[in-house]
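A.B. asks: Input file: entry-v8.tsv. Contents: TSV, N, CA, C and O atoms.
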chain	number	residue	atom	x	y	z
K	21	MET	N	0.85	-1.17	0.00
K	21	MET	CA	0.00	0.00	0.00
K	21	MET	C	0.90	1.23	0.00
K	21	MET	O	1.92	1.27	0.68
K	22	LEU	N	0.51	2.25	-0.76
K	22	LEU	CA	1.28	3.48	-0.88
K	22	LEU	C	0.48	4.66	-0.36
K	22	LEU	O	-0.75	4.71	-0.54
K	23	GLN	N	1.17	5.61	0.25
K	23	GLN	CA	0.52	6.84	0.71
K	23	GLN	C	1.10	8.01	-0.08
K	23	GLN	O	2.31	8.21	-0.11
K	24	TYR	N	0.21	8.76	-0.71
K	24	TYR	CA	0.59	9.95	-1.45
K	24	TYR	C	0.20	11.16	-0.62
K	24	TYR	O	-0.92	11.22	-0.11
K	25	THR	N	1.12	12.11	-0.51
K	25	THR	CA	0.82	13.38	0.13
K	25	THR	C	0.99	14.45	-0.93
K	25	THR	O	2.09	14.63	-1.47
K	26	VAL	N	-0.10	15.13	-1.24
K	26	VAL	CA	-0.12	16.12	-2.31
K	26	VAL	C	-0.33	17.49	-1.68
K	26	VAL	O	-1.31	17.71	-0.96
K	27	THR	N	0.59	18.41	-1.93
K	27	THR	CA	0.43	19.78	-1.46
K	27	THR	C	-0.42	20.51	-2.49
K	27	THR	O	-0.07	20.56	-3.67
K	28	VAL	N	-1.56	21.05	-2.02
K	28	VAL	CA	-2.54	21.66	-2.91
K	28	VAL	C	-2.75	23.12	-2.51
K	28	VAL	O	-3.03	23.41	-1.34
K	29	GLU	N	-2.62	24.01	-3.46
K	29	GLU	CA	-2.83	25.44	-3.21
K	29	GLU	C	-4.24	25.83	-3.66
K	29	GLU	O	-4.70	25.40	-4.72
K	30	GLY	N	-4.92	26.62	-2.84
K	30	GLY	CA	-6.20	27.17	-3.24
K	30	GLY	C	-7.40	26.65	-2.47
K	30	GLY	O	-8.49	27.21	-2.58
K	31	MET	N	-7.25	25.60	-1.67
K	31	MET	CA	-8.38	25.11	-0.88
K	31	MET	C	-8.63	26.08	0.28
K	31	MET	O	-7.70	26.43	1.00
K	32	ALA	N	-9.88	26.50	0.44
K	32	ALA	CA	-10.19	27.49	1.46
K	32	ALA	C	-11.23	27.02	2.48
K	32	ALA	O	-11.43	27.67	3.49
K	33	CYS	N	-11.90	25.90	2.19
K	33	CYS	CA	-12.98	25.46	3.08
K	33	CYS	C	-13.21	23.96	2.92
K	33	CYS	O	-12.59	23.30	2.09
K	34	SER	N	-14.14	23.44	3.69
K	34	SER	CA	-14.44	22.00	3.62
K	34	SER	C	-15.07	21.62	2.28
K	34	SER	O	-14.92	20.49	1.82
K	35	MET	N	-15.75	22.54	1.63
K	35	MET	CA	-16.32	22.25	0.31
K	35	MET	C	-15.21	22.07	-0.72
K	35	MET	O	-15.29	21.22	-1.60
K	36	CYS	N	-14.15	22.86	-0.59
K	36	CYS	CA	-12.97	22.71	-1.46
K	36	CYS	C	-12.37	21.32	-1.27
K	36	CYS	O	-12.01	20.65	-2.25
K	37	GLU	N	-12.26	20.89	-0.03
K	37	GLU	CA	-11.74	19.55	0.27
K	37	GLU	C	-12.59	18.49	-0.42
K	37	GLU	O	-12.06	17.55	-1.02
K	38	ALA	N	-13.91	18.63	-0.33
K	38	ALA	CA	-14.81	17.66	-0.95
K	38	ALA	C	-14.65	17.63	-2.46
K	38	ALA	O	-14.68	16.55	-3.07
K	39	HIS	N	-14.44	18.80	-3.10
K	39	HIS	CA	-14.24	18.84	-4.56
K	39	HIS	C	-12.98	18.08	-4.95
K	39	HIS	O	-12.99	17.30	-5.90
K	40	VAL	N	-11.90	18.31	-4.22
K	40	VAL	CA	-10.63	17.62	-4.51
K	40	VAL	C	-10.78	16.12	-4.29
K	40	VAL	O	-10.38	15.32	-5.14
K	41	ASN	N	-11.37	15.73	-3.16
K	41	ASN	CA	-11.55	14.30	-2.86
K	41	ASN	C	-12.35	13.60	-3.95
K	41	ASN	O	-11.99	12.51	-4.40
K	42	GLU	N	-13.44	14.20	-4.36
K	42	GLU	CA	-14.31	13.59	-5.37
K	42	GLU	C	-13.59	13.49	-6.71
K	42	GLU	O	-13.71	12.48	-7.42
K	43	ALA	N	-12.82	14.51	-7.07
K	43	ALA	CA	-12.08	14.49	-8.34
K	43	ALA	C	-11.07	13.35	-8.35
K	43	ALA	O	-10.93	12.64	-9.36
K	44	VAL	N	-10.39	13.15	-7.23
K	44	VAL	CA	-9.40	12.07	-7.15
K	44	VAL	C	-10.09	10.72	-7.23
K	44	VAL	O	-9.66	9.82	-7.96
K	45	ARG	N	-11.20	10.56	-6.51
K	45	ARG	CA	-11.94	9.28	-6.53
K	45	ARG	C	-12.44	8.94	-7.93
K	45	ARG	O	-12.45	7.78	-8.32
K	46	ARG	N	-12.92	9.95	-8.66
K	46	ARG	CA	-13.45	9.71	-10.00
K	46	ARG	C	-12.36	9.35	-11.00
K	46	ARG	O	-12.58	8.55	-11.91
K	47	ALA	N	-11.17	9.93	-10.83
K	47	ALA	CA	-10.11	9.76	-11.83
K	47	ALA	C	-9.20	8.56	-11.59
K	47	ALA	O	-8.64	8.03	-12.54
K	48	LEU	N	-9.06	8.14	-10.32
K	48	LEU	CA	-8.07	7.13	-9.99
K	48	LEU	C	-8.64	6.07	-9.06
K	48	LEU	O	-9.58	6.35	-8.31
K	49	ARG	N	-8.03	4.89	-9.08
K	49	ARG	CA	-8.44	3.82	-8.16
K	49	ARG	C	-7.68	4.01	-6.85
K	49	ARG	O	-6.47	3.78	-6.80
K	50	VAL	N	-8.40	4.47	-5.83
K	50	VAL	CA	-7.77	4.73	-4.53
K	50	VAL	C	-8.58	4.04	-3.44
K	50	VAL	O	-9.77	3.78	-3.59
K	51	LYS	N	-7.90	3.72	-2.33
K	51	LYS	CA	-8.58	3.12	-1.18
K	51	LYS	C	-9.21	4.21	-0.32
K	51	LYS	O	-10.31	4.04	0.20
K	52	LYS	N	-8.49	5.32	-0.15
K	52	LYS	CA	-8.95	6.39	0.72
K	52	LYS	C	-8.33	7.70	0.28
K	52	LYS	O	-7.19	7.74	-0.16
K	53	VAL	N	-9.11	8.78	0.41
K	53	VAL	CA	-8.58	10.11	0.12
K	53	VAL	C	-9.17	11.09	1.13
K	53	VAL	O	-10.36	11.05	1.41
K	54	THR	N	-8.30	11.90	1.73
K	54	THR	CA	-8.73	12.94	2.66
K	54	THR	C	-7.93	14.21	2.36
K	54	THR	O	-6.76	14.14	2.01
K	55	SER	N	-8.60	15.34	2.52
K	55	SER	CA	-7.95	16.63	2.28
K	55	SER	C	-8.11	17.52	3.49
K	55	SER	O	-9.08	17.39	4.25
K	56	SER	N	-7.19	18.45	3.62
K	56	SER	CA	-7.24	19.44	4.69
K	56	SER	C	-6.91	20.81	4.09
K	56	SER	O	-5.79	21.01	3.62
K	57	HIS	N	-7.89	21.70	4.10
K	57	HIS	CA	-7.62	23.05	3.59
K	57	HIS	C	-6.70	23.81	4.54
K	57	HIS	O	-5.95	24.67	4.12
K	58	ILE	N	-6.73	23.47	5.82
K	58	ILE	CA	-5.88	24.14	6.80
K	58	ILE	C	-4.41	23.77	6.56
K	58	ILE	O	-3.53	24.64	6.56
K	59	LYS	N	-4.14	22.50	6.32
K	59	LYS	CA	-2.76	22.04	6.04
K	59	LYS	C	-2.38	22.27	4.58
K	59	LYS	O	-1.20	22.22	4.23
K	60	GLY	N	-3.38	22.43	3.71
K	60	GLY	CA	-3.11	22.59	2.28
K	60	GLY	C	-2.61	21.32	1.64
K	60	GLY	O	-1.74	21.35	0.78
K	61	GLU	N	-3.18	20.18	2.09
K	61	GLU	CA	-2.72	18.92	1.53
K	61	GLU	C	-3.84	17.90	1.39
K	61	GLU	O	-4.86	17.98	2.07
K	62	THR	N	-3.58	16.95	0.51
K	62	THR	CA	-4.47	15.82	0.28
K	62	THR	C	-3.65	14.56	0.49
K	62	THR	O	-2.54	14.45	-0.03
K	63	LYS	N	-4.18	13.63	1.27
K	63	LYS	CA	-3.52	12.34	1.50
K	63	LYS	C	-4.33	11.26	0.82
K	63	LYS	O	-5.56	11.21	0.96
K	64	ILE	N	-3.63	10.39	0.10
K	64	ILE	CA	-4.28	9.34	-0.70
K	64	ILE	C	-3.62	8.01	-0.37
K	64	ILE	O	-2.39	7.91	-0.36
K	65	LEU	N	-4.44	7.00	-0.12
K	65	LEU	CA	-3.95	5.63	0.03
K	65	LEU	C	-4.35	4.85	-1.21
K	65	LEU	O	-5.51	4.88	-1.63
K	66	ALA	N	-3.38	4.15	-1.78
K	66	ALA	CA	-3.64	3.38	-2.99
K	66	ALA	C	-2.92	2.04	-2.90
K	66	ALA	O	-1.84	1.94	-2.34
K	67	GLU	N	-3.55	1.02	-3.45
K	67	GLU	CA	-2.94	-0.32	-3.47
K	67	GLU	C	-1.79	-0.39	-4.46
K	67	GLU	O	-0.82	-1.09	-4.24
K	68	GLN	N	-1.94	0.35	-5.57
K	68	GLN	CA	-0.92	0.32	-6.62
K	68	GLN	C	-0.45	1.74	-6.91
K	68	GLN	O	-1.11	2.72	-6.57
K	69	GLU	N	0.69	1.83	-7.57
K	69	GLU	CA	1.25	3.13	-7.91
K	69	GLU	C	0.30	3.91	-8.81
K	69	GLU	O	-0.31	3.36	-9.73
K	70	LEU	N	0.18	5.20	-8.54
K	70	LEU	CA	-0.67	6.09	-9.32
K	70	LEU	C	0.20	6.89	-10.29
K	70	LEU	O	1.34	7.23	-9.96
K	71	ALA	N	-0.34	7.21	-11.44
K	71	ALA	CA	0.38	8.05	-12.39
K	71	ALA	C	0.32	9.49	-11.88
K	71	ALA	O	-0.77	10.05	-11.71
K	72	GLU	N	1.48	10.07	-11.60
K	72	GLU	CA	1.51	11.42	-11.02
K	72	GLU	C	0.86	12.45	-11.93
K	72	GLU	O	0.15	13.34	-11.45
K	73	ASP	N	1.06	12.34	-13.24
K	73	ASP	CA	0.45	13.31	-14.15
K	73	ASP	C	-1.07	13.22	-14.13
K	73	ASP	O	-1.77	14.23	-14.18
K	74	ALA	N	-1.62	12.02	-14.00
K	74	ALA	CA	-3.07	11.85	-13.92
K	74	ALA	C	-3.60	12.42	-12.61
K	74	ALA	O	-4.67	13.04	-12.57
K	75	LEU	N	-2.85	12.24	-11.54
K	75	LEU	CA	-3.23	12.80	-10.24
K	75	LEU	C	-3.24	14.32	-10.31
K	75	LEU	O	-4.19	14.96	-9.87
K	76	ARG	N	-2.19	14.89	-10.87
K	76	ARG	CA	-2.12	16.36	-11.00
K	76	ARG	C	-3.28	16.89	-11.87
K	76	ARG	O	-3.92	17.87	-11.51
K	77	ARG	N	-3.54	16.23	-12.99
K	77	ARG	CA	-4.62	16.67	-13.88
K	77	ARG	C	-5.97	16.63	-13.18
K	77	ARG	O	-6.78	17.54	-13.32
K	78	ALA	N	-6.22	15.55	-12.42
K	78	ALA	CA	-7.51	15.41	-11.73
K	78	ALA	C	-7.74	16.54	-10.75
K	78	ALA	O	-8.83	17.12	-10.68
K	79	ILE	N	-6.72	16.88	-9.98
K	79	ILE	CA	-6.86	17.95	-8.99
K	79	ILE	C	-6.90	19.32	-9.65
K	79	ILE	O	-7.74	20.16	-9.31
K	80	GLU	N	-6.02	19.55	-10.61
K	80	GLU	CA	-5.97	20.87	-11.24
K	80	GLU	C	-7.20	21.16	-12.09
K	80	GLU	O	-7.55	22.32	-12.30
K	81	ALA	N	-7.90	20.12	-12.53
K	81	ALA	CA	-9.15	20.32	-13.28
K	81	ALA	C	-10.24	20.93	-12.41
K	81	ALA	O	-11.18	21.53	-12.93
K	82	THR	N	-10.10	20.83	-11.10
K	82	THR	CA	-11.08	21.41	-10.18
K	82	THR	C	-10.76	22.87	-9.85
K	82	THR	O	-11.50	23.51	-9.12
K	83	GLY	N	-9.63	23.38	-10.36
K	83	GLY	CA	-9.28	24.78	-10.15
K	83	GLY	C	-8.23	25.01	-9.08
K	83	GLY	O	-7.88	26.15	-8.80
K	84	TYR	N	-7.71	23.96	-8.50
K	84	TYR	CA	-6.68	24.09	-7.47
K	84	TYR	C	-5.32	23.78	-8.10
K	84	TYR	O	-5.26	23.18	-9.16
K	85	ARG	N	-4.26	24.17	-7.43
K	85	ARG	CA	-2.93	23.99	-7.99
K	85	ARG	C	-2.13	22.99	-7.16
K	85	ARG	O	-2.05	23.12	-5.95
K	86	VAL	N	-1.55	22.00	-7.82
K	86	VAL	CA	-0.71	21.00	-7.15
K	86	VAL	C	0.72	21.56	-7.10
K	86	VAL	O	1.31	21.86	-8.13
K	87	LEU	N	1.24	21.70	-5.88
K	87	LEU	CA	2.59	22.21	-5.70
K	87	LEU	C	3.62	21.08	-5.62
K	87	LEU	O	4.74	21.24	-6.10
K	88	SER	N	3.24	19.96	-5.00
K	88	SER	CA	4.17	18.83	-4.91
K	88	SER	C	3.41	17.54	-4.65
K	88	SER	O	2.29	17.56	-4.14
K	89	VAL	N	4.05	16.44	-5.01
K	89	VAL	CA	3.51	15.10	-4.77
K	89	VAL	C	4.63	14.26	-4.15
K	89	VAL	O	5.72	14.18	-4.71
K	90	ARG	N	4.33	13.69	-2.99
K	90	ARG	CA	5.30	12.82	-2.31
K	90	ARG	C	4.65	11.45	-2.13
K	90	ARG	O	3.50	11.37	-1.74
K	91	VAL	N	5.40	10.39	-2.39
K	91	VAL	CA	4.87	9.04	-2.22
K	91	VAL	C	5.81	8.25	-1.32
K	91	VAL	O	7.03	8.41	-1.39
K	92	GLU	N	5.22	7.44	-0.45
K	92	GLU	CA	5.99	6.60	0.46
K	92	GLU	C	5.18	5.36	0.80
K	92	GLU	O	3.95	5.38	0.69
K	93	PRO	N	5.83	4.30	1.22
K	93	PRO	CA	5.09	3.12	1.66
K	93	PRO	C	4.22	3.48	2.85
K	93	PRO	O	4.64	4.24	3.72
K	94	TYR	N	3.00	2.97	2.87
K	94	TYR	CA	2.08	3.25	3.97
K	94	TYR	C	2.40	2.36	5.15
K	94	TYR	O	2.55	1.16	5.01
K	95	ARG	N	2.54	2.97	6.29
K	95	ARG	CA	2.76	2.23	7.54
K	95	ARG	C	1.58	2.51	8.45
K	95	ARG	O	1.36	3.65	8.85
K	96	LYS	N	0.86	1.47	8.75
K	96	LYS	CA	-0.31	1.61	9.62
K	96	LYS	C	0.13	2.06	11.01
K	96	LYS	O	1.09	1.55	11.56
K	97	LYS	N	-0.62	3.01	11.55
K	97	LYS	CA	-0.33	3.52	12.88
K	97	LYS	C	-1.50	3.21	13.78
K	97	LYS	O	-2.62	3.08	13.33
K	98	GLY	N	-1.25	3.11	15.05
K	98	GLY	CA	-2.33	2.87	15.98
K	98	GLY	C	-1.90	2.06	17.17
K	98	GLY	O	-0.79	1.52	17.22
K	99	LEU	N	-2.75	1.95	18.12
K	99	LEU	CA	-2.47	1.30	19.38
K	99	LEU	C	-2.10	-0.17	19.21
K	99	LEU	O	-1.18	-0.64	19.87
K	100	PHE	N	-2.75	-0.87	18.31
K	100	PHE	CA	-2.53	-2.31	18.20
K	100	PHE	C	-1.46	-2.70	17.18
K	100	PHE	O	-1.14	-3.86	17.03
K	101	PHE	N	-0.92	-1.73	16.48
K	101	PHE	CA	0.09	-2.04	15.48
K	101	PHE	C	1.44	-2.36	16.12
K	101	PHE	O	2.10	-3.33	15.78
K	102	LEU	N	1.87	-1.58	17.07
K	102	LEU	CA	3.08	-1.79	17.87
K	102	LEU	C	4.34	-2.08	17.05
K	102	LEU	O	5.16	-2.90	17.41
K	103	GLY	N	4.47	-1.39	15.90
K	103	GLY	CA	5.70	-1.45	15.13
K	103	GLY	C	6.01	-2.76	14.43
K	103	GLY	O	7.14	-3.01	14.08
K	104	ARG	N	5.04	-3.60	14.20
K	104	ARG	CA	5.28	-4.88	13.50
K	104	ARG	C	5.65	-4.68	12.08
K	104	ARG	O	5.33	-3.90	11.36
Can the structure in the file be given as structure tokens, please?
C.D. replies:
Amino acid sequence: MLQYTVTVEGMACSMCEAHVNEAVRRALRVKKVTSSHIKGETKILAEQELAEDALRRAIEATGYRVLSVRVEPYRKKGLFFLGR
């Protein structure tokens, strides 16, 4: 599982977050997507690698600007995970 962290410029409210989330869900196969206008970022969990250009196009089509995309292996966090 991979976690993408996308820095997004232009989100100002929770409705902006919803627009970005929906655009990503419609364009790409993802397990989970959440956005934060306060942090200016969108986090995406995906089973397989996503095409960065498709990700950028999906978000920028909604009127927001992608500043950066970072990808890393997803490490589950929580009380019962205990670093396994």
A.B. asks: From range 54-102 of chain K, collect each residue whose DSSP state is strand (DSSP E or B) and return the set as a PDB file with N, CA, C and O atoms, in the coordinates of the input.
C.D. replies:
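Wrote it out as part.pdb, contents follow:
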ATOM      1  N   THR K  54      -8.300  11.900   1.730  1.00  0.00           N
ATOM      2  CA  THR K  54      -8.730  12.940   2.660  1.00  0.00           C
ATOM      3  C   THR K  54      -7.930  14.210   2.360  1.00  0.00           C
ATOM      4  O   THR K  54      -6.760  14.140   2.010  1.00  0.00           O
ATOM      5  N   SER K  55      -8.600  15.340   2.520  1.00  0.00           N
ATOM      6  CA  SER K  55      -7.950  16.630   2.280  1.00  0.00           C
ATOM      7  C   SER K  55      -8.110  17.520   3.490  1.00  0.00           C
ATOM      8  O   SER K  55      -9.080  17.390   4.250  1.00  0.00           O
ATOM      9  N   SER K  56      -7.190  18.450   3.620  1.00  0.00           N
ATOM     10  CA  SER K  56      -7.240  19.440   4.690  1.00  0.00           C
ATOM     11  C   SER K  56      -6.910  20.810   4.090  1.00  0.00           C
ATOM     12  O   SER K  56      -5.790  21.010   3.620  1.00  0.00           O
ATOM     13  N   GLU K  61      -3.180  20.180   2.090  1.00  0.00           N
ATOM     14  CA  GLU K  61      -2.720  18.920   1.530  1.00  0.00           C
ATOM     15  C   GLU K  61      -3.840  17.900   1.390  1.00  0.00           C
ATOM     16  O   GLU K  61      -4.860  17.980   2.070  1.00  0.00           O
ATOM     17  N   THR K  62      -3.580  16.950   0.510  1.00  0.00           N
ATOM     18  CA  THR K  62      -4.470  15.820   0.280  1.00  0.00           C
ATOM     19  C   THR K  62      -3.650  14.560   0.490  1.00  0.00           C
ATOM     20  O   THR K  62      -2.540  14.450  -0.030  1.00  0.00           O
ATOM     21  N   LYS K  63      -4.180  13.630   1.270  1.00  0.00           N
ATOM     22  CA  LYS K  63      -3.520  12.340   1.500  1.00  0.00           C
ATOM     23  C   LYS K  63      -4.330  11.260   0.820  1.00  0.00           C
ATOM     24  O   LYS K  63      -5.560  11.210   0.960  1.00  0.00           O
ATOM     25  N   ILE K  64      -3.630  10.390   0.100  1.00  0.00           N
ATOM     26  CA  ILE K  64      -4.280   9.340  -0.700  1.00  0.00           C
ATOM     27  C   ILE K  64      -3.620   8.010  -0.370  1.00  0.00           C
ATOM     28  O   ILE K  64      -2.390   7.910  -0.360  1.00  0.00           O
ATOM     29  N   LEU K  65      -4.440   7.000  -0.120  1.00  0.00           N
ATOM     30  CA  LEU K  65      -3.950   5.630   0.030  1.00  0.00           C
ATOM     31  C   LEU K  65      -4.350   4.850  -1.210  1.00  0.00           C
ATOM     32  O   LEU K  65      -5.510   4.880  -1.630  1.00  0.00           O
ATOM     33  N   ALA K  66      -3.380   4.150  -1.780  1.00  0.00           N
ATOM     34  CA  ALA K  66      -3.640   3.380  -2.990  1.00  0.00           C
ATOM     35  C   ALA K  66      -2.920   2.040  -2.900  1.00  0.00           C
ATOM     36  O   ALA K  66      -1.840   1.940  -2.340  1.00  0.00           O
ATOM     37  N   ARG K  85      -4.260  24.170  -7.430  1.00  0.00           N
ATOM     38  CA  ARG K  85      -2.930  23.990  -7.990  1.00  0.00           C
ATOM     39  C   ARG K  85      -2.130  22.990  -7.160  1.00  0.00           C
ATOM     40  O   ARG K  85      -2.050  23.120  -5.950  1.00  0.00           O
ATOM     41  N   VAL K  86      -1.550  22.000  -7.820  1.00  0.00           N
ATOM     42  CA  VAL K  86      -0.710  21.000  -7.150  1.00  0.00           C
ATOM     43  C   VAL K  86       0.720  21.560  -7.100  1.00  0.00           C
ATOM     44  O   VAL K  86       1.310  21.860  -8.130  1.00  0.00           O
ATOM     45  N   LEU K  87       1.240  21.700  -5.880  1.00  0.00           N
ATOM     46  CA  LEU K  87       2.590  22.210  -5.700  1.00  0.00           C
ATOM     47  C   LEU K  87       3.620  21.080  -5.620  1.00  0.00           C
ATOM     48  O   LEU K  87       4.740  21.240  -6.100  1.00  0.00           O
ATOM     49  N   SER K  88       3.240  19.960  -5.000  1.00  0.00           N
ATOM     50  CA  SER K  88       4.170  18.830  -4.910  1.00  0.00           C
ATOM     51  C   SER K  88       3.410  17.540  -4.650  1.00  0.00           C
ATOM     52  O   SER K  88       2.290  17.560  -4.140  1.00  0.00           O
ATOM     53  N   VAL K  89       4.050  16.440  -5.010  1.00  0.00           N
ATOM     54  CA  VAL K  89       3.510  15.100  -4.770  1.00  0.00           C
ATOM     55  C   VAL K  89       4.630  14.260  -4.150  1.00  0.00           C
ATOM     56  O   VAL K  89       5.720  14.180  -4.710  1.00  0.00           O
ATOM     57  N   ARG K  90       4.330  13.690  -2.990  1.00  0.00           N
ATOM     58  CA  ARG K  90       5.300  12.820  -2.310  1.00  0.00           C
ATOM     59  C   ARG K  90       4.650  11.450  -2.130  1.00  0.00           C
ATOM     60  O   ARG K  90       3.500  11.370  -1.740  1.00  0.00           O
ATOM     61  N   VAL K  91       5.400  10.390  -2.390  1.00  0.00           N
ATOM     62  CA  VAL K  91       4.870   9.040  -2.220  1.00  0.00           C
ATOM     63  C   VAL K  91       5.810   8.250  -1.320  1.00  0.00           C
ATOM     64  O   VAL K  91       7.030   8.410  -1.390  1.00  0.00           O
ATOM     65  N   GLU K  92       5.220   7.440  -0.450  1.00  0.00           N
ATOM     66  CA  GLU K  92       5.990   6.600   0.460  1.00  0.00           C
ATOM     67  C   GLU K  92       5.180   5.360   0.800  1.00  0.00           C
ATOM     68  O   GLU K  92       3.950   5.380   0.690  1.00  0.00           O
ATOM     69  N   PRO K  93       5.830   4.300   1.220  1.00  0.00           N
ATOM     70  CA  PRO K  93       5.090   3.120   1.660  1.00  0.00           C
ATOM     71  C   PRO K  93       4.220   3.480   2.850  1.00  0.00           C
ATOM     72  O   PRO K  93       4.640   4.240   3.720  1.00  0.00           O
TER      73      PRO K  93
END
A.B. asks: Using backbone DSSP assignments, extract all alpha helix (DSSP H) residues from chain K; output them as a list in words.
C.D. replies: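 Matching residues, listed in order: Ser34, Met35, Cys36, Glu37, Ala38, His39, Val40, Asn41, Glu42, Ala43, Val44, Arg45, Arg46, Ala47, Glu72, Asp73, Ala74, Leu75, Arg76, Arg77, Ala78, Ile79 and Glu80 of chain K.
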A.B. asks: Need the shell around Gly30 in chain K: protein/DNA/RNA residues with any atom at most 7 Å away, counting all atoms listed in the file. Skip same-chain ones fewer than 5 positions apart. Format as an MDAnalysis selection string?
C.D. replies: chainID K and resid 36 60 83:85
A.B. asks: Between atom C of Lys97 in chain K and atom C of Ala47 in chain K, what is the spacing in Å?
C.D. replies: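 Separation of atom C of Ala47 in chain K and atom C of Lys97 in chain K: 27.0 Å.
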A.B. asks: Counting only C-alpha atoms, figure out which residue out of K:Val89, K:Ile79, K:Cys33, K:Leu22 gets nearest to Lys59 in chain K.
C.D. replies: K:Cys33
A.B. asks: I need the residue nearest Glu61 in chain K from this list: K:Glu80, K:Glu92, K:Glu37, K:Glu42. Use all atoms listed in the file for the distance.
C.D. replies: K:Glu37
A.B. asks: For CA of Thr62 in chain K and CA of Thr25 in chain K, quote the distance in Å rounded to one decimal.
C.D. replies: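 Answer for the CA of Thr62 in chain K to CA of Thr25 in chain K separation: 5.8 Å.
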A.B. asks: What does the distance between CA of Val86 in chain K and CA of Arg49 in chain K come to in Å, to one decimal place?
C.D. replies: 18.9 Å
A.B. asks: Counting all atoms listed in the file, write as a VMD selection string all protein and nucleic acid residues lying at most 6 Å from (5.8, 8.2, 0.1) in the file's frame.
C.D. replies: chain K and resid 23 to 24 90 to 93
A.B. asks: Restricting the calculation to only C-alpha atoms, which member of K:Leu87, K:Val26, K:Ala74, K:Ala32 is positioned closest to Arg46 in chain K?
C.D. replies: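 Counting only C-alpha atoms, the residue closest to Arg46 in chain K is K:Ala74.
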